[in-house]
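Novice: Below you'll find entry_33.cif; it's mmCIF, C-alpha atoms and all ligand atoms.
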data_run
loop_
_atom_site.group_PDB
_atom_site.id
_atom_site.type_symbol
_atom_site.label_atom_id
_atom_site.label_comp_id
_atom_site.auth_asym_id
_atom_site.auth_seq_id
_atom_site.Cartn_x
_atom_site.Cartn_y
_atom_site.Cartn_z
ATOM 1 C CA MET N 1 -9.981 44.021 21.881
ATOM 2 C CA ARG N 2 -13.152 42.130 22.811
ATOM 3 C CA TRP N 3 -13.780 41.136 19.189
ATOM 4 C CA THR N 4 -10.257 39.869 18.812
ATOM 5 C CA GLY N 5 -10.903 37.622 21.822
ATOM 6 C CA VAL N 6 -14.103 36.260 20.316
ATOM 7 C CA LEU N 7 -12.363 35.691 17.004
ATOM 8 C CA SER N 8 -9.498 33.850 18.701
ATOM 9 C CA LEU N 9 -11.959 31.614 20.533
ATOM 10 C CA ALA N 10 -13.835 30.927 17.319
ATOM 11 C CA MET N 11 -10.549 30.114 15.604
ATOM 12 C CA ILE N 12 -9.525 27.738 18.401
ATOM 13 C CA ALA N 13 -12.931 26.020 18.342
ATOM 14 C CA PHE N 14 -12.665 25.650 14.584
ATOM 15 C CA LEU N 15 -9.189 24.128 14.818
ATOM 16 C CA ILE N 16 -10.328 21.670 17.515
ATOM 17 C CA GLY N 17 -13.253 20.706 15.280
ATOM 18 C CA VAL N 18 -11.019 20.129 12.289
ATOM 19 C CA THR N 19 -8.600 18.068 14.379
ATOM 20 C CA LEU N 20 -11.409 15.888 15.798
ATOM 21 C CA ALA N 21 -12.939 15.437 12.352
ATOM 22 C CA TYR N 22 -9.540 14.404 11.017
ATOM 23 C CA PHE N 23 -9.095 11.702 13.654
ATOM 24 C CA TYR N 24 -12.634 10.367 13.372
ATOM 25 C CA MET N 25 -12.312 10.115 9.613
ATOM 26 C CA GLN N 26 -9.259 7.853 9.801
ATOM 27 C CA PRO N 27 -10.233 4.306 8.804
ATOM 28 C CA ASP N 28 -9.795 1.554 11.358
ATOM 29 C CA PRO N 29 -6.368 -0.006 11.228
ATOM 30 C CA VAL N 30 -6.396 -2.904 8.776
ATOM 31 C CA PRO N 31 -5.362 -6.189 10.413
ATOM 32 C CA TRP N 32 -3.210 -7.198 7.464
ATOM 33 C CA VAL N 33 0.527 -7.469 7.738
ATOM 34 C CA ASP N 34 3.021 -6.007 5.320
ATOM 35 C CA GLU N 35 5.800 -8.549 5.413
ATOM 36 C CA PRO N 36 5.481 -12.176 4.314
ATOM 37 C CA THR N 37 5.427 -14.478 7.343
ATOM 38 C CA PHE N 38 4.402 -17.581 5.466
ATOM 39 C CA GLU N 39 5.909 -20.804 6.814
ATOM 40 C CA ALA N 40 6.250 -23.836 4.591
ATOM 41 C CA ASP N 41 6.596 -26.499 7.269
ATOM 42 C CA MET N 42 2.888 -27.334 7.263
ATOM 43 C CA CYS N 43 2.804 -28.050 3.542
ATOM 44 C CA VAL N 44 1.984 -31.594 2.539
ATOM 45 C CA ARG N 45 2.201 -31.762 -1.231
ATOM 46 C CA ASP N 46 -0.512 -33.750 -2.965
ATOM 47 C CA MET N 47 0.189 -33.216 -6.650
ATOM 48 C CA GLU N 48 -2.873 -35.067 -7.856
ATOM 49 C CA ALA N 49 -5.236 -32.987 -5.731
ATOM 50 C CA GLU N 50 -3.336 -29.816 -6.679
ATOM 51 C CA ASN N 51 -3.732 -30.658 -10.362
ATOM 52 C CA ALA N 52 -7.448 -31.187 -9.887
ATOM 53 C CA VAL N 53 -7.887 -27.782 -8.207
ATOM 54 C CA LEU N 54 -5.733 -26.051 -10.802
ATOM 55 C CA ALA N 55 -7.758 -27.591 -13.627
ATOM 56 C CA ARG N 56 -10.839 -25.736 -12.385
ATOM 57 C CA THR N 57 -9.144 -22.391 -13.076
ATOM 58 C CA ASN N 58 -9.782 -21.369 -16.650
ATOM 59 C CA ILE N 59 -7.859 -18.148 -17.153
ATOM 60 C CA ASP N 60 -5.508 -18.128 -20.134
ATOM 61 C CA PHE N 61 -2.045 -18.670 -18.639
ATOM 62 C CA ASP N 62 -0.451 -18.156 -22.069
ATOM 63 C CA GLN N 63 -1.415 -14.475 -22.037
ATOM 64 C CA LEU N 64 0.422 -13.860 -18.767
ATOM 65 C CA HIS N 65 4.121 -13.143 -18.354
ATOM 66 C CA PRO N 66 5.661 -16.650 -18.017
ATOM 67 C CA HIS N 67 6.856 -16.032 -14.462
ATOM 68 C CA VAL N 68 3.484 -14.614 -13.354
ATOM 69 C CA ALA N 69 1.788 -17.667 -14.880
ATOM 70 C CA ASN N 70 4.219 -20.015 -13.165
ATOM 71 C CA ARG N 71 3.891 -18.408 -9.725
ATOM 72 C CA GLY N 72 0.132 -18.046 -10.154
ATOM 73 C CA ALA N 73 -0.117 -21.808 -10.607
ATOM 74 C CA SER N 74 2.149 -22.321 -7.573
ATOM 75 C CA PHE N 75 -0.161 -20.049 -5.607
ATOM 76 C CA VAL N 76 -3.168 -22.278 -6.333
ATOM 77 C CA ARG N 77 -1.133 -25.432 -5.637
ATOM 78 C CA LEU N 78 0.351 -24.278 -2.344
ATOM 79 C CA ALA N 79 -2.936 -22.797 -1.139
ATOM 80 C CA HIS N 80 -4.299 -26.319 -1.423
ATOM 81 C CA SER N 81 -1.375 -28.246 0.053
ATOM 82 C CA CYS N 82 -0.241 -25.709 2.669
ATOM 83 C CA LEU N 83 -3.414 -23.886 3.675
ATOM 84 C CA ASP N 84 -6.105 -26.412 2.779
ATOM 85 C CA LEU N 85 -7.905 -23.721 0.775
ATOM 86 C CA GLU N 86 -9.352 -24.049 -2.693
ATOM 87 C CA ILE N 87 -8.434 -21.079 -4.863
ATOM 88 C CA ARG N 88 -9.671 -20.243 -8.302
ATOM 89 C CA LEU N 89 -7.970 -17.657 -10.457
ATOM 90 C CA THR N 90 -10.706 -15.500 -11.946
ATOM 91 C CA SER N 91 -8.777 -12.999 -14.021
ATOM 92 C CA GLY N 92 -5.372 -12.728 -15.640
ATOM 93 C CA PHE N 93 -4.628 -10.743 -18.778
ATOM 94 C CA ARG N 94 -7.293 -8.152 -19.622
ATOM 95 C CA SER N 95 -7.664 -6.515 -23.015
ATOM 96 C CA THR N 96 -8.451 -2.819 -23.473
ATOM 97 C CA LYS N 97 -12.138 -3.625 -23.940
ATOM 98 C CA GLU N 98 -12.294 -5.936 -20.931
ATOM 99 C CA GLN N 99 -10.629 -3.324 -18.712
ATOM 100 C CA ASN N 100 -12.943 -0.535 -19.917
ATOM 101 C CA ASP N 101 -16.010 -2.744 -19.388
ATOM 102 C CA LEU N 102 -14.811 -3.459 -15.860
ATOM 103 C CA TYR N 103 -14.194 0.248 -15.213
ATOM 104 C CA ALA N 104 -17.733 1.047 -16.397
ATOM 105 C CA GLN N 105 -19.148 -1.370 -13.806
ATOM 106 C CA GLY N 106 -20.599 0.680 -10.922
ATOM 107 C CA ARG N 107 -20.213 3.873 -12.952
ATOM 108 C CA SER N 108 -22.082 3.984 -16.288
ATOM 109 C CA GLU N 109 -23.101 0.305 -15.883
ATOM 110 C CA PRO N 110 -24.812 -1.539 -13.033
ATOM 111 C CA GLY N 111 -22.871 -3.317 -10.300
ATOM 112 C CA ARG N 112 -20.379 -2.264 -7.665
ATOM 113 C CA ILE N 113 -17.120 -0.502 -8.436
ATOM 114 C CA VAL N 114 -14.318 -3.046 -8.566
ATOM 115 C CA THR N 115 -11.485 -1.084 -10.105
ATOM 116 C CA ASN N 116 -10.129 2.444 -10.359
ATOM 117 C CA ALA N 117 -8.104 1.545 -13.425
ATOM 118 C CA LYS N 118 -9.085 2.388 -16.976
ATOM 119 C CA ALA N 119 -7.572 0.539 -19.918
ATOM 120 C CA GLY N 120 -3.799 0.668 -19.777
ATOM 121 C CA GLN N 121 -3.726 1.590 -16.084
ATOM 122 C CA SER N 122 -3.874 -1.916 -14.634
ATOM 123 C CA TYR N 123 -1.095 -4.489 -14.470
ATOM 124 C CA HIS N 124 -3.701 -6.934 -15.790
ATOM 125 C CA ASN N 125 -3.465 -5.143 -19.155
ATOM 126 C CA TYR N 126 0.169 -6.246 -19.457
ATOM 127 C CA GLY N 127 -0.272 -9.835 -18.255
ATOM 128 C CA LEU N 128 1.391 -9.029 -14.942
ATOM 129 C CA ALA N 129 -1.511 -9.533 -12.513
ATOM 130 C CA ILE N 130 -3.954 -12.216 -11.431
ATOM 131 C CA ASP N 131 -7.117 -12.178 -9.312
ATOM 132 C CA PHE N 132 -8.266 -15.053 -7.134
ATOM 133 C CA VAL N 133 -11.260 -16.129 -5.078
ATOM 134 C CA ILE N 134 -11.708 -18.641 -2.297
ATOM 135 C CA ILE N 135 -14.040 -21.493 -3.225
ATOM 136 C CA TYR N 136 -15.816 -23.304 -0.424
ATOM 137 C CA ASN N 137 -18.496 -25.930 -1.045
ATOM 138 C CA ASN N 138 -18.419 -24.925 -4.728
ATOM 139 C CA LYS N 139 -19.301 -21.348 -3.857
ATOM 140 C CA VAL N 140 -17.240 -18.177 -3.947
ATOM 141 C CA ASP N 141 -16.438 -16.903 -0.449
ATOM 142 C CA TYR N 142 -15.667 -13.175 -0.346
ATOM 143 C CA ASP N 143 -16.080 -12.758 3.419
ATOM 144 C CA LEU N 144 -12.859 -11.113 4.601
ATOM 145 C CA SER N 145 -13.096 -12.713 8.040
ATOM 146 C CA THR N 146 -13.652 -16.214 6.701
ATOM 147 C CA ASP N 147 -11.548 -18.948 8.347
ATOM 148 C CA ARG N 148 -12.372 -22.124 6.453
ATOM 149 C CA ASN N 149 -9.207 -23.918 7.503
ATOM 150 C CA ARG N 150 -9.944 -23.124 11.150
ATOM 151 C CA ASN N 151 -6.544 -21.939 12.281
ATOM 152 C CA ASP N 152 -7.799 -18.638 13.779
ATOM 153 C CA LEU N 153 -6.288 -16.568 10.968
ATOM 154 C CA PRO N 154 -8.386 -14.882 8.283
ATOM 155 C CA ASP N 155 -7.921 -16.934 5.123
ATOM 156 C CA TRP N 156 -7.501 -13.814 2.995
ATOM 157 C CA GLN N 157 -4.588 -12.721 5.140
ATOM 158 C CA GLU N 158 -2.932 -16.137 4.858
ATOM 159 C CA LEU N 159 -3.398 -16.076 1.096
ATOM 160 C CA GLY N 160 -1.955 -12.572 0.881
ATOM 161 C CA GLU N 161 1.084 -13.766 2.761
ATOM 162 C CA LEU N 162 1.438 -16.819 0.543
ATOM 163 C CA GLY N 163 1.254 -14.589 -2.533
ATOM 164 C CA LYS N 164 3.920 -12.291 -1.131
ATOM 165 C CA ALA N 165 6.147 -15.226 -0.207
ATOM 166 C CA LEU N 166 5.874 -16.229 -3.875
ATOM 167 C CA GLY N 167 7.122 -12.799 -4.934
ATOM 168 C CA PHE N 168 3.825 -11.058 -5.669
ATOM 169 C CA GLU N 169 2.707 -7.649 -4.493
ATOM 170 C CA TRP N 170 -0.673 -8.141 -2.801
ATOM 171 C CA GLY N 171 -3.535 -5.697 -3.374
ATOM 172 C CA GLY N 172 -4.737 -6.293 0.198
ATOM 173 C CA ASP N 173 -1.793 -4.203 1.414
ATOM 174 C CA TRP N 174 -2.883 -1.123 -0.512
ATOM 175 C CA ASN N 175 -4.128 1.644 1.757
ATOM 176 C CA SER N 176 -6.234 3.750 -0.579
ATOM 177 C CA PHE N 177 -8.163 1.054 -2.454
ATOM 178 C CA PRO N 178 -7.420 -2.389 -0.964
ATOM 179 C CA ASP N 179 -7.863 -5.101 -3.581
ATOM 180 C CA TYR N 180 -7.762 -8.374 -1.632
ATOM 181 C CA PRO N 181 -8.182 -10.749 -4.602
ATOM 182 C CA HIS N 182 -5.321 -9.129 -6.547
ATOM 183 C CA LEU N 183 -1.677 -10.216 -6.971
ATOM 184 C CA GLN N 184 0.812 -8.579 -9.306
ATOM 185 C CA MET N 185 4.470 -8.544 -10.298
ATOM 186 C CA ASP N 186 5.711 -5.247 -11.716
ATOM 187 C CA PHE N 187 9.363 -6.283 -12.271
ATOM 188 C CA GLY N 188 10.288 -2.721 -11.356
ATOM 189 C CA LEU N 189 8.160 -1.140 -14.079
ATOM 190 C CA SER N 190 5.591 1.561 -13.362
ATOM 191 C CA ILE N 191 2.296 1.801 -15.239
ATOM 192 C CA ARG N 192 3.717 4.930 -16.842
ATOM 193 C CA GLN N 193 6.672 2.965 -18.219
ATOM 194 C CA LEU N 194 4.419 0.134 -19.400
ATOM 195 C CA LYS N 195 2.135 2.620 -21.150
ATOM 196 C CA ALA N 196 5.196 4.049 -22.863
ATOM 197 C CA GLY N 197 5.875 0.584 -24.272
ATOM 198 C CA LYS N 198 8.436 -0.855 -21.851
ATOM 199 C CA ARG N 199 8.003 -4.532 -20.995
ATOM 200 C CA PRO N 200 9.731 -6.828 -18.522
ATOM 201 C CA ASP N 201 12.114 -9.372 -19.976
ATOM 202 C CA LYS N 202 10.343 -12.690 -20.673
ATOM 203 C CA GLU N 203 13.020 -14.378 -18.582
ATOM 204 C CA ALA N 204 12.581 -12.000 -15.629
ATOM 205 C CA THR N 205 11.980 -13.602 -12.244
ATOM 206 C CA ILE N 206 11.347 -12.457 -8.679
ATOM 207 C CA PRO N 207 12.887 -14.371 -5.776
ATOM 208 C CA VAL N 208 10.635 -16.367 -3.455
ATOM 209 C CA ALA N 209 10.834 -16.313 0.332
ATOM 210 C CA ASP N 210 13.535 -18.702 1.600
ATOM 211 C CA THR N 211 10.941 -20.872 3.344
ATOM 212 C CA LEU N 212 9.250 -21.631 0.038
ATOM 213 C CA GLN N 213 12.413 -22.464 -1.891
ATOM 214 C CA PRO N 214 12.337 -26.226 -1.185
ATOM 215 C CA LEU N 215 8.687 -26.437 -2.233
ATOM 216 C CA LEU N 216 9.263 -24.991 -5.693
ATOM 217 C CA ASN N 217 12.190 -27.143 -6.784
HETATM 218 ZN ZN ZN J 1 -6.678 -7.597 -10.097
#
Take the structure I supplied and represent it as structure tokens, if you would.
Ligand SMILES: [Zn+2]

Specialist:
Amino acid sequence: MRWTGVLSLAMIAFLIGVTLAYFYMQPDPVPWVDEPTFEADMCVRDMEAENAVLARTNIDFDQLHPHVANRGASFVRLAHSCLDLEIRLTSGFRSTKEQNDLYAQGRSEPGRIVTNAKAGQSYHNYGLAIDFVIIYNNKVDYDLSTDRNRNDLPDWQELGELGKALGFEWGGDWNSFPDYPHLQMDFGLSIRQLKAGKRPDKEATIPVADTLQPLLN
């Protein structure tokens, strides 16, 4: 009887420990929102300036799905005219070799791990994803709390919302491996389907948020 009591106590203590460990291991809540809240009323289009910013991006738009390319360019343009942020697209389509080289980074090669996707496992490999960085004073700004346009909102969050308003899925919303510089359009296709050879129609589109409609016509 006495031993049963000790065992029960030990069991209870163990369960309390596991429960506490579980709660302490939960990551802090991420301050990013899940639904696009982007408003277009502060956008003042300056096509000449937009063109100049866009010209500094040198990814190959021709290797992207036409709609991804189109919305990717809009993303850079509207980030300038609506958010006063300079964006550079740093990656678009990635070949098998490029994806495997990137996967090796932080594993068999030096550097920090930037992807969990091997060749064929990333939407980049099908021309359906783009990566971007914020440029400030000609330098890349990766600080997640950065607020260069001084409106008390983290710039990365604003950019994520702009991307989503344009129809992209934003990597910053991913819970397991947030990828803040990443935007993709899957057109309803899983990686599994893409690997099996399925491709979105070249004419496929994804609707934009209503607020952005007047800006894209
Ligand atoms: Zn990416």

Novice: Please, which residues in chain N fall within 8 Å of ligand ZN 1 (chain J) when counting all atoms listed in the file, and what is the closest atom pair and distance in Å to one decimal for each, ordered by chain then residue number, as JSON lines?

Specialist:
{"residue": "N:Ser91", "atom": "CA", "partner": "J:ZN1", "partner_atom": "ZN", "distance": 7.0}
{"residue": "N:Gly92", "atom": "CA", "partner": "J:ZN1", "partner_atom": "ZN", "distance": 7.7}
{"residue": "N:Ser122", "atom": "CA", "partner": "J:ZN1", "partner_atom": "ZN", "distance": 7.8}
{"residue": "N:Tyr123", "atom": "CA", "partner": "J:ZN1", "partner_atom": "ZN", "distance": 7.7}
{"residue": "N:His124", "atom": "CA", "partner": "J:ZN1", "partner_atom": "ZN", "distance": 6.5}
{"residue": "N:Ala129", "atom": "CA", "partner": "J:ZN1", "partner_atom": "ZN", "distance": 6.0}
{"residue": "N:Ile130", "atom": "CA", "partner": "J:ZN1", "partner_atom": "ZN", "distance": 5.5}
{"residue": "N:Asp131", "atom": "CA", "partner": "J:ZN1", "partner_atom": "ZN", "distance": 4.7}
{"residue": "N:Gly171", "atom": "CA", "partner": "J:ZN1", "partner_atom": "ZN", "distance": 7.7}
{"residue": "N:Asp179", "atom": "CA", "partner": "J:ZN1", "partner_atom": "ZN", "distance": 7.1}
{"residue": "N:Pro181", "atom": "CA", "partner": "J:ZN1", "partner_atom": "ZN", "distance": 6.5}
{"residue": "N:His182", "atom": "CA", "partner": "J:ZN1", "partner_atom": "ZN", "distance": 4.1}
{"residue": "N:Leu183", "atom": "CA", "partner": "J:ZN1", "partner_atom": "ZN", "distance": 6.5}
{"residue": "N:Gln184", "atom": "CA", "partner": "J:ZN1", "partner_atom": "ZN", "distance": 7.6}

Novice: For the provided coordinates, the residues matched by the PyMOL selection byres (((chain N and resi 56) around 12) and not hetatm) should be stated as a list in words.

Specialist: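 The output of the PyMOL selection byres (((chain N and resi 56) around 12) and not hetatm) on this file is Ala49, Glu50, Asn51, Ala52, Val53, Leu54, Ala55, Thr57, Asn58, Ile59, Ala73, Val76, Arg77, Glu86, Ile87, Arg88, Leu89, Thr90, Ile135 and Asn138 of chain N.
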
Novice: Using Å and a single decimal, report how far atom CA of N:Tyr126 sits from atom CA of N:Lys198.

Specialist: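 Spanning atom CA of N:Lys198 to atom CA of N:Tyr126 is a straight-line distance of 10.2 Å.
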
Novice: Quick check, in Å to one decimal: how far apart do atom CA of N:Cys82 and atom CA of N:Met42 lie?

Specialist: 5.8 Å

Novice: For each of N:Val68, N:Arg150, N:Glu98, N:Pro178, take the minimum atom-to-atom distance to N:Asp84, counting only C-alpha atoms, then give the residue where this is smallest.

Specialist: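 Nearest to N:Asp84: N:Arg150.
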
Novice: Given the file shown, determine the residues that the PyMOL selection byres (((chain N and resi 209) around 12) and not hetatm) selects; report them as a ChimeraX atom specification.

Specialist: /N:35-40,161-168,206-208,210-216

Novice: Quick check, in Å to one decimal: how far apart do atom CA of N:Thr205 and atom CA of N:His65 lie?

Specialist: 10.0 Å

Novice: For N:Ala119, which residue out of N:Trp156, N:Ile191, N:Trp174, N:Glu48 is the nearest one, using all atoms listed in the file?

Specialist: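 Looking at the shortest contact to N:Ala119, the residue is N:Ile191.
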
Novice: Could you state which residues are captured by the PyMOL selection byres (((chain N and resi 194) around 10) and not hetatm) in this file, as a list of chain:residue names?

Specialist: N:Gly120, N:Gln121, N:Ser122, N:Tyr123, N:Asn125, N:Tyr126, N:Asp186, N:Leu189, N:Ser190, N:Ile191, N:Arg192, N:Gln193, N:Lys195, N:Ala196, N:Gly197, N:Lys198, N:Arg199, N:Pro200

Novice: Rank nothing, just name the residue among N:Val133, N:Leu128, N:Leu9, N:Leu153 nearest to N:Pro66, using only C-alpha atoms.

Specialist: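 Selected residue with least distance to N:Pro66: N:Leu128.
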
Novice: Mind working out the centre and edge lengths of an axis-aligned box for stretch 129-138 of chain N, all listed atoms inside, 5 Å added to each side, rounded to one decimal in Å and written as AutoDock Vina command-line options?

Specialist:
--center_x -10.0 --center_y -17.7 --center_z -6.5 --size_x 27.0 --size_y 26.4 --size_z 22.1
